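K.L.:
Coordinates in structure.cif, mmCIF, C-alpha atoms and all ligand atoms, are listed below.
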```cif
data_work
#
loop_
_atom_site.label_atom_id
_atom_site.label_comp_id
_atom_site.auth_asym_id
_atom_site.auth_seq_id
_atom_site.Cartn_x
_atom_site.Cartn_y
_atom_site.Cartn_z
CA MET A 1 -8.68 -13.22 -5.11
CA TYR A 2 -6.05 -13.37 -7.86
CA SER A 3 -6.53 -15.60 -10.93
CA LEU A 4 -3.87 -17.67 -12.67
CA VAL A 5 -3.85 -15.15 -15.53
CA GLU A 6 -3.07 -12.36 -13.06
CA TYR A 7 -0.25 -14.38 -11.46
CA GLY A 8 1.08 -14.99 -14.99
CA ASN A 9 0.90 -11.26 -15.81
CA MET A 10 2.94 -10.47 -12.71
CA ILE A 11 5.67 -12.90 -13.73
CA ALA A 12 5.54 -11.68 -17.36
CA ASP A 13 6.19 -8.10 -16.23
CA LYS A 14 9.92 -8.15 -17.02
CA VAL A 15 10.76 -4.91 -15.25
CA ARG A 16 9.26 -6.10 -11.97
CA SER A 17 10.36 -9.74 -12.23
CA ASP A 18 13.94 -8.97 -13.29
CA ALA A 19 14.31 -6.52 -10.42
CA TYR A 20 13.04 -9.13 -7.89
CA ALA A 21 15.37 -11.76 -9.39
CA ARG A 22 18.39 -9.44 -9.16
CA ALA A 23 17.44 -8.37 -5.64
CA LEU A 24 17.12 -11.98 -4.45
CA LYS A 25 20.37 -12.97 -6.16
CA SER A 26 22.21 -10.15 -4.41
CA VAL A 27 21.11 -11.09 -0.87
CA VAL A 28 20.46 -14.85 -0.80
CA LYS A 29 23.41 -16.80 0.68
CA PRO A 30 23.78 -20.59 1.18
CA ASP A 31 22.68 -20.31 4.82
CA SER A 32 19.76 -17.97 4.11
CA ILE A 33 16.32 -18.80 5.45
CA VAL A 34 13.67 -16.97 3.44
CA LEU A 35 9.99 -16.20 4.03
CA ASP A 36 8.02 -15.60 0.83
CA ILE A 37 4.79 -13.86 1.86
CA GLY A 38 2.03 -14.02 -0.72
CA ALA A 39 3.98 -16.61 -2.68
CA GLY A 40 1.28 -16.95 -5.36
CA THR A 41 2.45 -19.58 -7.85
CA GLY A 42 5.86 -19.61 -6.19
CA ILE A 43 8.14 -17.49 -8.37
CA HIS A 44 10.11 -15.85 -5.52
CA THR A 45 10.34 -19.13 -3.61
CA LEU A 46 11.82 -20.84 -6.67
CA LEU A 47 14.25 -17.99 -7.31
CA ALA A 48 15.41 -18.01 -3.67
CA CYS A 49 16.06 -21.78 -3.99
CA LYS A 50 17.80 -21.28 -7.34
CA PHE A 51 20.16 -18.75 -5.71
CA GLY A 52 21.01 -21.25 -2.98
CA ALA A 53 18.75 -20.53 0.02
CA ALA A 54 18.92 -23.21 2.72
CA ARG A 55 15.18 -23.08 3.38
CA VAL A 56 12.19 -21.14 2.10
CA TYR A 57 8.81 -20.81 3.81
CA ALA A 58 6.20 -20.03 1.15
CA VAL A 59 3.04 -18.59 2.69
CA GLU A 60 -0.03 -17.89 0.58
CA SER A 61 -3.74 -17.80 1.39
CA ASN A 62 -4.81 -18.50 -2.22
CA PRO A 63 -5.08 -22.14 -3.43
CA ALA A 64 -2.41 -21.13 -5.99
CA ILE A 65 -0.01 -22.35 -3.31
CA HIS A 66 -0.65 -25.94 -4.46
CA LEU A 67 0.76 -25.01 -7.86
CA ALA A 68 3.72 -23.39 -6.14
CA GLN A 69 4.37 -26.66 -4.31
CA GLU A 70 4.08 -28.65 -7.53
CA VAL A 71 6.57 -26.46 -9.39
CA ALA A 72 9.00 -26.55 -6.45
CA LEU A 73 8.91 -30.34 -6.69
CA ALA A 74 9.42 -30.20 -10.48
CA ASN A 75 12.52 -28.05 -9.98
CA GLY A 76 14.04 -30.33 -7.36
CA TYR A 77 13.43 -27.91 -4.45
CA ALA A 78 10.98 -30.02 -2.42
CA GLY A 79 13.56 -30.66 0.33
CA ARG A 80 14.21 -26.95 0.88
CA THR A 81 10.67 -25.58 0.73
CA ILE A 82 7.81 -25.50 3.23
CA PHE A 83 4.37 -24.46 1.95
CA ILE A 84 1.72 -23.00 4.22
CA GLN A 85 -1.73 -22.05 2.96
CA ASP A 86 -2.67 -19.21 5.29
CA LEU A 87 -2.13 -15.53 5.94
CA SER A 88 1.33 -14.74 7.29
CA THR A 89 -0.33 -12.87 10.18
CA ASN A 90 -2.01 -16.10 11.36
CA ILE A 91 1.02 -18.37 11.40
CA THR A 92 3.93 -19.06 13.74
CA LEU A 93 7.19 -20.30 12.22
CA PRO A 94 9.58 -22.67 14.02
CA GLU A 95 12.46 -20.22 13.41
CA ARG A 96 13.15 -16.64 12.38
CA VAL A 97 14.19 -15.94 8.79
CA ASN A 98 16.97 -13.76 7.33
CA ILE A 99 14.96 -12.49 4.37
CA VAL A 100 11.27 -11.61 3.94
CA VAL A 101 10.29 -11.24 0.29
CA SER A 102 6.84 -10.09 -0.78
CA ASP A 103 4.84 -8.07 -3.23
CA LEU A 104 1.51 -7.45 -1.52
CA ARG A 105 1.01 -4.01 -3.07
CA GLY A 106 -1.81 -2.95 -5.33
CA ILE A 107 -1.64 0.11 -7.56
CA LEU A 108 -0.15 1.78 -4.49
CA PRO A 109 1.57 0.30 -1.43
CA PHE A 110 -1.39 1.50 0.67
CA PHE A 111 -3.37 -1.60 -0.22
CA THR A 112 -5.49 -3.73 2.12
CA ASN A 113 -3.30 -5.37 4.80
CA HIS A 114 0.01 -4.98 2.92
CA ILE A 115 1.77 -2.72 5.42
CA ALA A 116 0.20 -4.36 8.50
CA SER A 117 1.37 -7.77 7.20
CA LEU A 118 4.92 -6.55 6.67
CA VAL A 119 5.09 -4.89 10.09
CA ASP A 120 3.87 -8.16 11.63
CA ALA A 121 6.37 -10.21 9.57
CA ARG A 122 9.27 -7.98 10.57
CA ARG A 123 8.29 -8.13 14.25
CA ARG A 124 7.55 -11.86 14.49
CA HIS A 125 9.32 -13.69 11.67
CA LEU A 126 12.50 -11.75 10.76
CA VAL A 127 15.81 -11.86 12.65
CA PRO A 128 16.73 -8.39 13.95
CA GLY A 129 18.44 -6.49 11.13
CA GLY A 130 17.25 -9.02 8.52
CA GLN A 131 16.44 -8.05 4.95
CA MET A 132 12.98 -6.91 3.87
CA ILE A 133 12.36 -7.09 0.08
CA PRO A 134 11.04 -4.55 -0.89
CA HIS A 135 13.19 -2.44 1.34
CA ARG A 136 11.61 0.95 0.58
CA ASP A 137 8.76 2.46 -1.48
CA THR A 138 8.61 6.18 -2.25
CA LEU A 139 5.32 7.75 -3.32
CA TYR A 140 4.94 10.88 -5.45
CA ILE A 141 2.06 13.24 -6.29
CA ALA A 142 1.62 15.70 -9.15
CA LEU A 143 -1.23 17.83 -10.48
CA ILE A 144 -2.22 16.35 -13.81
CA GLU A 145 -3.98 17.20 -17.06
CA ALA A 146 -5.93 14.07 -18.02
CA PRO A 147 -9.02 14.96 -20.10
CA LYS A 148 -9.74 11.45 -21.36
CA LEU A 149 -9.45 9.81 -17.96
CA TYR A 150 -11.67 12.50 -16.46
CA GLN A 151 -14.26 12.09 -19.23
CA ASN A 152 -14.39 8.34 -18.60
CA ILE A 153 -15.37 9.07 -15.00
CA VAL A 154 -17.98 11.79 -15.51
CA ALA A 155 -19.44 11.12 -18.99
CA PRO A 156 -22.04 8.51 -17.91
CA TRP A 157 -23.52 10.95 -15.37
CA ASN A 158 -23.63 14.12 -17.51
CA GLU A 159 -27.41 14.38 -17.93
CA PRO A 160 -28.07 11.20 -19.93
CA TYR A 161 -31.39 11.62 -21.82
CA GLY A 162 -31.69 15.03 -20.16
CA LEU A 163 -31.88 13.50 -16.67
CA ASN A 164 -30.16 14.92 -13.62
CA MET A 165 -27.67 12.33 -12.33
CA ALA A 166 -25.42 14.79 -10.51
CA ALA A 167 -25.55 12.75 -7.28
CA ALA A 168 -23.91 9.76 -9.01
CA ARG A 169 -21.38 12.10 -10.64
CA THR A 170 -20.35 13.37 -7.21
CA VAL A 171 -19.89 9.80 -5.92
CA ALA A 172 -17.84 8.93 -9.04
CA LEU A 173 -15.58 11.92 -8.35
CA ASN A 174 -14.93 10.80 -4.78
CA ARG A 175 -13.28 7.59 -5.91
CA TRP A 176 -9.80 7.13 -7.29
CA SER A 177 -9.08 4.94 -10.28
CA ASP A 178 -6.25 3.15 -12.03
CA ALA A 179 -4.68 5.45 -14.63
CA GLY A 180 -2.62 2.57 -16.06
CA THR A 181 0.87 3.30 -17.34
CA GLU A 182 0.13 3.95 -21.02
CA SER A 183 -2.29 6.87 -21.08
CA LEU A 184 -0.32 9.47 -19.13
CA GLN A 185 3.23 10.67 -19.74
CA GLY A 186 5.52 13.25 -18.15
CA HIS A 187 4.08 15.99 -20.41
CA ASN A 188 0.67 15.55 -18.72
CA LEU A 189 2.09 16.78 -15.40
CA LEU A 190 1.25 20.37 -14.45
CA THR A 191 3.59 20.50 -11.43
CA GLU A 192 6.87 18.92 -10.40
CA PRO A 193 6.30 15.56 -8.65
CA TYR A 194 6.14 16.02 -4.89
CA GLN A 195 7.64 13.27 -2.70
CA TRP A 196 4.63 12.42 -0.53
CA ALA A 197 5.75 9.43 1.54
CA VAL A 198 8.76 7.18 2.08
CA LEU A 199 7.82 3.72 3.36
CA ASP A 200 10.91 2.15 4.89
CA TYR A 201 9.88 -1.43 5.62
CA ALA A 202 12.78 -1.90 8.05
CA THR A 203 11.21 0.61 10.43
CA ILE A 204 7.61 1.36 9.38
CA ALA A 205 5.05 0.90 12.16
CA ASP A 206 1.93 2.72 10.93
CA SER A 207 -0.29 1.48 8.12
CA GLY A 208 -1.64 4.93 7.25
CA MET A 209 -0.23 8.22 6.00
CA ARG A 210 -1.28 11.80 6.56
CA MET A 211 0.36 14.96 5.28
CA ALA A 212 0.07 18.63 6.10
CA GLU A 213 -0.98 20.88 3.25
CA TYR A 214 1.79 21.38 0.72
CA GLU A 215 2.02 24.04 -2.00
CA GLN A 216 3.63 24.02 -5.44
CA PRO A 217 3.68 26.34 -8.45
CA VAL A 218 1.86 25.26 -11.62
CA LEU A 219 4.50 24.90 -14.37
CA ARG A 220 2.49 25.55 -17.53
CA ASP A 221 -0.90 26.64 -18.86
CA GLY A 222 -3.45 23.83 -19.16
CA THR A 223 -6.45 22.27 -17.43
CA ALA A 224 -6.14 20.51 -14.09
CA HIS A 225 -8.16 17.29 -13.80
CA GLY A 226 -6.78 15.70 -10.65
CA LEU A 227 -3.84 14.28 -8.75
CA LEU A 228 -1.67 11.49 -10.05
CA VAL A 229 0.00 9.31 -7.41
CA TRP A 230 2.59 6.63 -8.11
CA PHE A 231 5.48 4.90 -6.36
CA ASP A 232 9.08 3.92 -7.00
CA SER A 233 10.41 0.83 -5.28
CA GLU A 234 13.85 0.00 -3.95
CA LEU A 235 13.82 -3.79 -3.45
CA VAL A 236 17.34 -3.86 -2.00
CA ALA A 237 19.94 -1.07 -2.05
CA GLY A 238 20.45 0.00 -5.66
CA ILE A 239 17.90 -2.39 -7.24
CA GLY A 240 14.33 -1.38 -7.97
CA TYR A 241 11.97 0.22 -10.47
CA SER A 242 10.06 3.40 -11.09
CA ASN A 243 6.41 3.85 -12.03
CA SER A 244 6.92 7.56 -12.78
CA PRO A 245 5.21 8.98 -15.90
CA ASP A 246 8.72 10.12 -16.91
CA SER A 247 10.19 6.62 -16.61
CA LYS A 248 11.02 4.78 -19.84
CA ASN A 249 11.02 1.48 -18.03
CA THR A 250 7.83 1.23 -15.99
CA THR A 251 6.27 -1.95 -14.67
CA GLU A 252 2.95 -3.01 -16.17
CA VAL A 253 1.32 -4.48 -13.09
CA TYR A 254 0.94 -1.51 -10.76
CA GLY A 255 -0.34 1.38 -12.91
CA ARG A 256 -0.86 4.75 -11.22
CA ALA A 257 -3.65 6.19 -9.09
CA PHE A 258 -5.75 9.06 -10.42
CA PHE A 259 -7.63 11.16 -7.85
CA PRO A 260 -10.03 13.39 -9.83
CA ILE A 261 -10.99 16.89 -8.66
CA LEU A 262 -14.64 18.00 -8.60
CA GLU A 263 -14.39 20.19 -11.73
CA PRO A 264 -11.69 20.60 -14.41
CA ILE A 265 -9.91 23.87 -13.62
CA PRO A 266 -8.09 25.99 -16.25
CA VAL A 267 -4.66 26.95 -14.86
CA VAL A 268 -1.78 29.16 -16.02
CA ALA A 269 1.93 28.91 -15.20
CA GLY A 270 2.57 30.43 -11.80
CA ASP A 271 -0.81 29.56 -10.24
CA ARG A 272 -0.39 28.01 -6.77
CA PHE A 273 -1.52 24.45 -6.22
CA ALA A 274 -2.02 23.52 -2.54
CA PHE A 275 -2.97 19.99 -1.58
CA SER A 276 -3.05 17.38 1.13
CA LEU A 277 -3.64 13.65 0.79
CA GLN A 278 -4.39 11.16 3.54
CA ALA A 279 -4.54 7.36 3.43
CA GLU A 280 -6.43 6.31 6.56
CA PHE A 281 -6.19 2.61 7.41
CA SER A 282 -9.50 1.29 8.69
CA ASN A 283 -10.87 -2.27 8.95
CA GLY A 284 -8.21 -3.77 6.69
CA ASP A 285 -8.56 -1.21 3.91
CA TYR A 286 -7.95 2.46 3.17
CA VAL A 287 -10.18 5.50 3.26
CA TRP A 288 -8.63 8.27 1.14
CA HIS A 289 -9.09 12.00 1.73
CA TRP A 290 -7.78 14.65 -0.67
CA HIS A 291 -8.03 18.41 -0.38
CA THR A 292 -6.99 20.53 -3.37
CA ARG A 293 -6.82 24.31 -3.70
CA ILE A 294 -5.74 26.31 -6.74
CA VAL A 295 -5.03 30.01 -6.36
CA ALA A 296 -4.53 32.43 -9.32
CA GLN A 297 -0.99 33.68 -9.87
CA SER A 298 -2.34 37.11 -10.96
CA ASP A 299 -4.06 37.68 -7.64
CA PHE A 300 -3.43 35.32 -4.72
CA THR A 301 -6.83 36.19 -3.23
CA THR A 302 -8.60 34.59 -6.21
CA VAL A 303 -9.30 30.96 -5.35
CA LYS A 304 -9.98 29.01 -8.54
CA ALA A 305 -10.76 25.75 -6.74
CA ASP A 306 -11.12 24.51 -3.18
CA PHE A 307 -12.24 20.87 -3.14
CA VAL A 308 -12.52 18.51 -0.17
CA GLN A 309 -12.97 14.92 -1.35
CA SER A 310 -12.94 11.52 0.24
CA THR A 311 -13.72 7.92 -0.56
CA ALA A 312 -15.78 8.08 2.64
CA PHE A 313 -18.29 10.23 0.68
CA THR A 314 -19.11 7.36 -1.68
CA GLY A 315 -21.40 5.65 0.84
CA ALA A 316 -22.06 1.98 0.28
CA VAL A 317 -21.93 2.22 -3.53
CA ASP A 318 -19.31 -0.04 -5.05
CA ASP A 319 -17.56 -0.50 -1.73
CA GLU A 320 -16.60 -4.13 -1.23
CA ARG A 321 -15.52 -3.47 2.32
CA ASN A 322 -18.94 -2.09 3.24
CA ALA A 323 -20.54 -5.07 1.50
CA ALA A 324 -18.42 -7.41 3.61
CA LEU A 325 -19.48 -5.58 6.74
CA MET A 326 -23.21 -5.86 6.09
CA ALA A 327 -25.29 -6.46 9.17
CA ASP A 328 -25.27 -10.25 8.88
CA TYR A 329 -21.47 -10.47 8.47
CA ARG A 330 -19.69 -12.01 11.49
CA PRO A 331 -16.38 -10.22 11.97
CA LYS A 332 -13.56 -12.01 13.82
CA LEU A 333 -10.77 -10.23 15.65
CA SER A 334 -7.30 -10.60 14.04
CA LEU A 335 -4.18 -11.28 16.14
CA GLU A 336 -3.39 -7.54 15.99
CA GLY A 337 -6.89 -6.84 17.31
CA GLN A 338 -6.49 -9.37 20.13
CA VAL A 339 -3.17 -7.81 21.18
CA ASP A 340 -4.63 -4.29 21.12
CA ARG A 341 -7.73 -5.39 23.07
CA PHE A 342 -5.50 -7.04 25.71
CA ILE A 343 -3.33 -3.93 26.11
CA LEU A 344 -6.27 -1.53 26.17
CA GLY A 345 -7.95 -3.72 28.80
CA LEU A 346 -4.95 -3.21 31.09
CA MET A 347 -4.97 0.58 30.66
CA THR A 348 -7.14 1.16 33.76
CA GLY A 349 -4.76 3.52 35.54
CA ALA A 350 -3.61 0.68 37.83
CA HIS A 351 -0.60 -0.63 35.82
CA THR A 352 2.64 0.91 34.60
CA LEU A 353 3.62 0.68 30.94
CA THR A 354 6.30 -1.86 31.91
CA THR A 355 3.78 -4.09 33.70
CA ILE A 356 1.41 -3.94 30.75
CA ALA A 357 4.26 -4.71 28.33
CA ASN A 358 5.45 -7.69 30.44
CA GLN A 359 1.95 -9.16 30.66
CA THR A 360 1.40 -8.60 26.92
CA TYR A 361 4.69 -10.26 26.07
CA THR A 362 3.80 -13.25 28.28
CA GLN A 363 0.36 -13.52 26.68
CA PHE A 364 1.55 -13.08 23.05
CA PRO A 365 5.21 -14.26 23.01
CA SER A 366 5.31 -14.84 19.24
CA ARG A 367 4.01 -11.35 18.50
CA PHE A 368 7.13 -9.43 19.71
CA THR A 369 10.86 -9.90 19.21
CA ASP A 370 11.48 -9.23 22.92
CA GLU A 371 10.10 -7.36 25.94
CA ASP A 372 11.55 -4.06 24.70
CA ALA A 373 9.58 -4.43 21.47
CA ALA A 374 6.44 -5.08 23.52
CA LEU A 375 7.18 -2.00 25.61
CA SER A 376 7.56 0.26 22.53
CA TYR A 377 4.30 -1.10 21.14
CA VAL A 378 2.44 -0.51 24.42
CA TYR A 379 3.96 2.96 24.57
CA GLU A 380 2.72 3.72 21.02
CA LEU A 381 -0.79 2.57 21.90
CA ALA A 382 -0.82 4.48 25.20
CA GLN A 383 0.16 7.67 23.35
CA HIS A 384 -2.96 7.23 21.23
CA TYR A 385 -5.47 6.29 23.92
CA ASN A 386 -4.19 7.71 27.21
CA GLN A 387 -6.68 10.22 28.74
C1 LIG B 401 0.55 -9.50 -5.97
S1 LIG B 401 0.44 -11.21 -5.56
C2 LIG B 401 2.13 -11.68 -5.66
C3 LIG B 401 2.36 -13.10 -6.12
C4 LIG B 401 3.82 -13.48 -6.30
N1 LIG B 401 4.58 -13.38 -5.06
C5 LIG B 401 4.49 -12.61 -7.33
O1 LIG B 401 5.19 -11.67 -6.93
O2 LIG B 401 4.32 -12.84 -8.52
C6 LIG B 401 0.15 -11.07 -3.83
C7 LIG B 401 -0.27 -12.36 -3.18
O3 LIG B 401 -0.19 -12.21 -1.80
C8 LIG B 401 -1.25 -12.94 -1.17
N2 LIG B 401 -1.32 -12.35 0.19
C9 LIG B 401 -1.61 -11.07 0.52
N3 LIG B 401 -1.40 -10.88 1.84
C10 LIG B 401 -0.96 -12.07 2.33
C11 LIG B 401 -0.55 -12.47 3.62
N4 LIG B 401 -0.53 -11.64 4.66
N5 LIG B 401 -0.18 -13.78 3.78
C12 LIG B 401 -0.18 -14.64 2.75
N6 LIG B 401 -0.55 -14.30 1.49
C13 LIG B 401 -0.92 -13.01 1.30
C14 LIG B 401 -2.41 -12.76 -2.11
O4 LIG B 401 -3.33 -13.84 -1.99
C15 LIG B 401 -1.69 -12.81 -3.46
O5 LIG B 401 -1.63 -14.13 -3.95
#
```
How does this structure look as structure tokens?
Ligand SMILES: C[S@@+](CC[C@H](N)C(=O)[O-])C[C@H]1O[C@@H](n2cnc3c(N)ncnc32)[C@H](O)[C@@H]1O
P.N.:
Amino acid sequence: MYSLVEYGNMIADKVRSDAYARALKSVVKPDSIVLDIGAGTGIHTLLACKFGAARVYAVESNPAIHLAQEVALANGYAGRTIFIQDLSTNITLPERVNIVVSDLRGILPFFTNHIASLVDARRRHLVPGGQMIPHRDTLYIALIEAPKLYQNIVAPWNEPYGLNMAAARTVALNRWSDAGTESLQGHNLLTEPYQWAVLDYATIADSGMRMAEYEQPVLRDGTAHGLLVWFDSELVAGIGYSNSPDSKNTTEVYGRAFFPILEPIPVVAGDRFAFSLQAEFSNGDYVWHWHTRIVAQSDFTTVKADFVQSTAFTGAVDDERNAALMADYRPKLSLEGQVDRFILGLMTGAHTLTTIANQTYTQFPSRFTDEDAALSYVYELAQHYNQ
């Protein structure tokens, strides 16, 4: 749960906040109805009102929403704002909105229920063709030289007092960490950035991301320590920010993700770096898998490294999600889960896709824009689970 200091840091991040303010200013019109998901202390709700929105629904699960309500009142916006303390996925609004504004991302956009919440908001709360802010996030990967960051991860486990703690070292190397924005610059990169994923929130349907293996040449001599992953955001067309190590104007709040490899590997220009990265959405969070291979330029049969890593290999250590799912935890099915269970229950071989879609739409009318949307969703699910 975010603290007031963290909400303050988000607002104080000028690059991020200015971009959101400009984006809202460019799309909010006097008749706009706006949904602010994850409103926090209300900054985007207030800005939307300031730029003339007719009505703003501010939805936030954190008690910070009470502060948001108080500041809306202080700014004279009480008559145009509706505050709801809940998750956007749990609520039904009395009308559809023209604009959905949010920033539910962590260090990367693949963060807890961020994408699932936006897909749900687009399907249930937004008018067709309405504006999603952010509109698009683009993620990049590069091989990176990062000795200090790597040391921070492995140093505690390198035979303290002569003791073998290799098992903990292996777990530590199957986690990714926040590389911040200060410590690494463009000169730390050993390859060109590779565009890994484009998340277009106007169309995205899947919460996860998988890629086939991709290969790139190493650009200079050095030591490879891991993968650096970051994202650039386009909030609305032409307005956004970049978290690239080459950017002079990065945001403070997101940082960058560092995926270490199992051993530092000396490389020379021309070596081949082959990699794949997968963000698998499971139980409201992500399991990450990364496979890295480095092949010598002098002799392509010499494999310098071939590492298969995954956050799934870390077991229960330091895994909040596993802690939450301890044996005495009582899980409760989300709306998405209820819809999926209903559809799967009808996939007995007795009903056509159209019948299943019609029954699903009747059962969950607020979940889909129309019957066609229900049909595409049923179709997607049937592709996954049909015999
Ligand atoms: C990164 S903060 C953003 C706060 C504020 N909008 C800003 O940009 O400064 C994300 C907020 O979203 C909230 N949140 C995440 N998913 C949500 C959802 N589906 N519905 C409502 N609130 C959500 C979290 O509690 C958190 O307060």
K.L.:
Report as JSON lines: every residue of region 114-187 of chain A with an atom at most 12 Å from region 90-108 of chain A, its closest pair of atoms, and their distance in Å to one decimal, counting only C-alpha atoms, with rows sorted by chain and ascending residue number.
P.N.:
```
{"residue": "A:His114", "atom": "CA", "partner": "A:Leu104", "partner_atom": "CA", "distance": 5.3}
{"residue": "A:Ile115", "atom": "CA", "partner": "A:Leu104", "partner_atom": "CA", "distance": 8.4}
{"residue": "A:Ala116", "atom": "CA", "partner": "A:Leu104", "partner_atom": "CA", "distance": 10.6}
{"residue": "A:Ser117", "atom": "CA", "partner": "A:Leu104", "partner_atom": "CA", "distance": 8.7}
{"residue": "A:Leu118", "atom": "CA", "partner": "A:Ser102", "partner_atom": "CA", "distance": 8.5}
{"residue": "A:Val119", "atom": "CA", "partner": "A:Val100", "partner_atom": "CA", "distance": 11.0}
{"residue": "A:Asp120", "atom": "CA", "partner": "A:Asn90", "partner_atom": "CA", "distance": 9.9}
{"residue": "A:Ala121", "atom": "CA", "partner": "A:Val100", "partner_atom": "CA", "distance": 7.6}
{"residue": "A:Arg122", "atom": "CA", "partner": "A:Val100", "partner_atom": "CA", "distance": 7.8}
{"residue": "A:Arg123", "atom": "CA", "partner": "A:Arg96", "partner_atom": "CA", "distance": 10.0}
{"residue": "A:Arg124", "atom": "CA", "partner": "A:Arg96", "partner_atom": "CA", "distance": 7.7}
{"residue": "A:His125", "atom": "CA", "partner": "A:Arg96", "partner_atom": "CA", "distance": 4.9}
{"residue": "A:Leu126", "atom": "CA", "partner": "A:Val97", "partner_atom": "CA", "distance": 4.9}
{"residue": "A:Val127", "atom": "CA", "partner": "A:Arg96", "partner_atom": "CA", "distance": 5.5}
{"residue": "A:Pro128", "atom": "CA", "partner": "A:Asn98", "partner_atom": "CA", "distance": 8.5}
{"residue": "A:Gly129", "atom": "CA", "partner": "A:Asn98", "partner_atom": "CA", "distance": 8.3}
{"residue": "A:Gly130", "atom": "CA", "partner": "A:Asn98", "partner_atom": "CA", "distance": 4.9}
{"residue": "A:Gln131", "atom": "CA", "partner": "A:Ile99", "partner_atom": "CA", "distance": 4.7}
{"residue": "A:Met132", "atom": "CA", "partner": "A:Val100", "partner_atom": "CA", "distance": 5.0}
{"residue": "A:Ile133", "atom": "CA", "partner": "A:Val101", "partner_atom": "CA", "distance": 4.6}
{"residue": "A:Pro134", "atom": "CA", "partner": "A:Val101", "partner_atom": "CA", "distance": 6.8}
{"residue": "A:His135", "atom": "CA", "partner": "A:Val101", "partner_atom": "CA", "distance": 9.3}
{"residue": "A:Arg136", "atom": "CA", "partner": "A:Asp103", "partner_atom": "CA", "distance": 11.9}
{"residue": "A:Asp137", "atom": "CA", "partner": "A:Leu108", "partner_atom": "CA", "distance": 9.4}
{"residue": "A:Thr138", "atom": "CA", "partner": "A:Leu108", "partner_atom": "CA", "distance": 10.1}
{"residue": "A:Leu139", "atom": "CA", "partner": "A:Leu108", "partner_atom": "CA", "distance": 8.2}
{"residue": "A:Tyr140", "atom": "CA", "partner": "A:Leu108", "partner_atom": "CA", "distance": 10.5}
{"residue": "A:Ile141", "atom": "CA", "partner": "A:Leu108", "partner_atom": "CA", "distance": 11.8}
{"residue": "A:Trp176", "atom": "CA", "partner": "A:Ile107", "partner_atom": "CA", "distance": 10.8}
{"residue": "A:Ser177", "atom": "CA", "partner": "A:Ile107", "partner_atom": "CA", "distance": 9.3}
{"residue": "A:Asp178", "atom": "CA", "partner": "A:Ile107", "partner_atom": "CA", "distance": 7.1}
{"residue": "A:Ala179", "atom": "CA", "partner": "A:Ile107", "partner_atom": "CA", "distance": 9.4}
{"residue": "A:Gly180", "atom": "CA", "partner": "A:Ile107", "partner_atom": "CA", "distance": 8.9}
{"residue": "A:Thr181", "atom": "CA", "partner": "A:Ile107", "partner_atom": "CA", "distance": 10.6}
```
K.L.:
Name the residues, by chain letter and number, that sit within 8 Å of ligand LIG 401 (chain B) using all atoms listed in the file, and give them as a PyMOL selection string.
P.N.:
chain A and resi 1-2+7-8+10-11+17+36-44+59-62+64+85-89+102-106+113-114+117-118
K.L.:
With distances taken over only C-alpha atoms, which residue among A:Asp285, A:Phe275, A:His187, A:Ile204 lies nearest Ser247 (chain A)?
P.N.:
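Answer, going by the shortest atom-to-atom distance: A:His187.
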K.L.:
Please indicate the distance in Å from CA of Arg16 (chain A) to CA of Gln195 (chain A), rounded to one decimal place.
P.N.:
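Value for the CA of Arg16 (chain A)-CA of Gln195 (chain A) distance: 21.5 Å.
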K.L.:
Between CA of Asp340 (chain A) and CA of Gly208 (chain A), what is the distance in Å, rounded to a tenth?
P.N.:
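These atoms are spaced 16.9 Å apart.
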K.L.:
Which is closer to Ser276 (chain A) than all the others in A:Cys49, A:Met211, A:Leu228, A:Val27, using only C-alpha atoms?
P.N.:
A:Met211
K.L.:
Compile the contact shell of Val56 (chain A) as a ChimeraX atom specification: residues with an atom at most 8 Å away, counting only C-alpha atoms, same-chain residues fewer than 6 positions apart removed.
P.N.:
/A:33-36,45,48-49,80-82
K.L.:
What is the distance between CA of Leu24 (chain A) and CA of Gly76 (chain A), in Å to one decimal?
P.N.:
18.8 Å
K.L.:
Do a neighbour search on Pro260 (chain A) at 9 Å with only C-alpha atoms, toss out local chain neighbours closer than 5 positions, and write the hits as number ranges by chain.
P.N.:
A: 149-150, 153, 173-177, 225-228
K.L.:
If we count only C-alpha atoms, what is near Glu371 (chain A) at a cut-off of 9 Å, once residues fewer than 6 positions away on the same chain are taken out, given as a list of chain:residue names?
P.N.:
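Final neighbour list, sorted by chain and number: A:Thr354, A:Ala357, A:Asn358, A:Thr360, A:Tyr361, A:Thr362, A:Pro365.
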K.L.:
If we count only C-alpha atoms and set the cut-off at 8 Å, which residues sit around Phe83 (chain A), ignoring sequence neighbours fewer than 6 positions away in its own chain? Please answer as a count of residues only.
P.N.:
5
K.L.:
With only C-alpha atoms as the basis for distance, which of A:Ala296, A:Leu335, A:Ala78, A:Val154 is at the shortest distance from Arg367 (chain A)?
P.N.:
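Result for the nearest residue to Arg367 (chain A): A:Leu335.
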K.L.:
Restricting the calculation to all atoms listed in the file, which member of A:Ala305, A:Ala382, A:Ala54, A:Leu199 is positioned closest to Ile265 (chain A)?
P.N.:
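Of A:Ala305, A:Ala382, A:Ala54, A:Leu199, the one nearest Ile265 (chain A), counting all atoms listed in the file, is A:Ala305.
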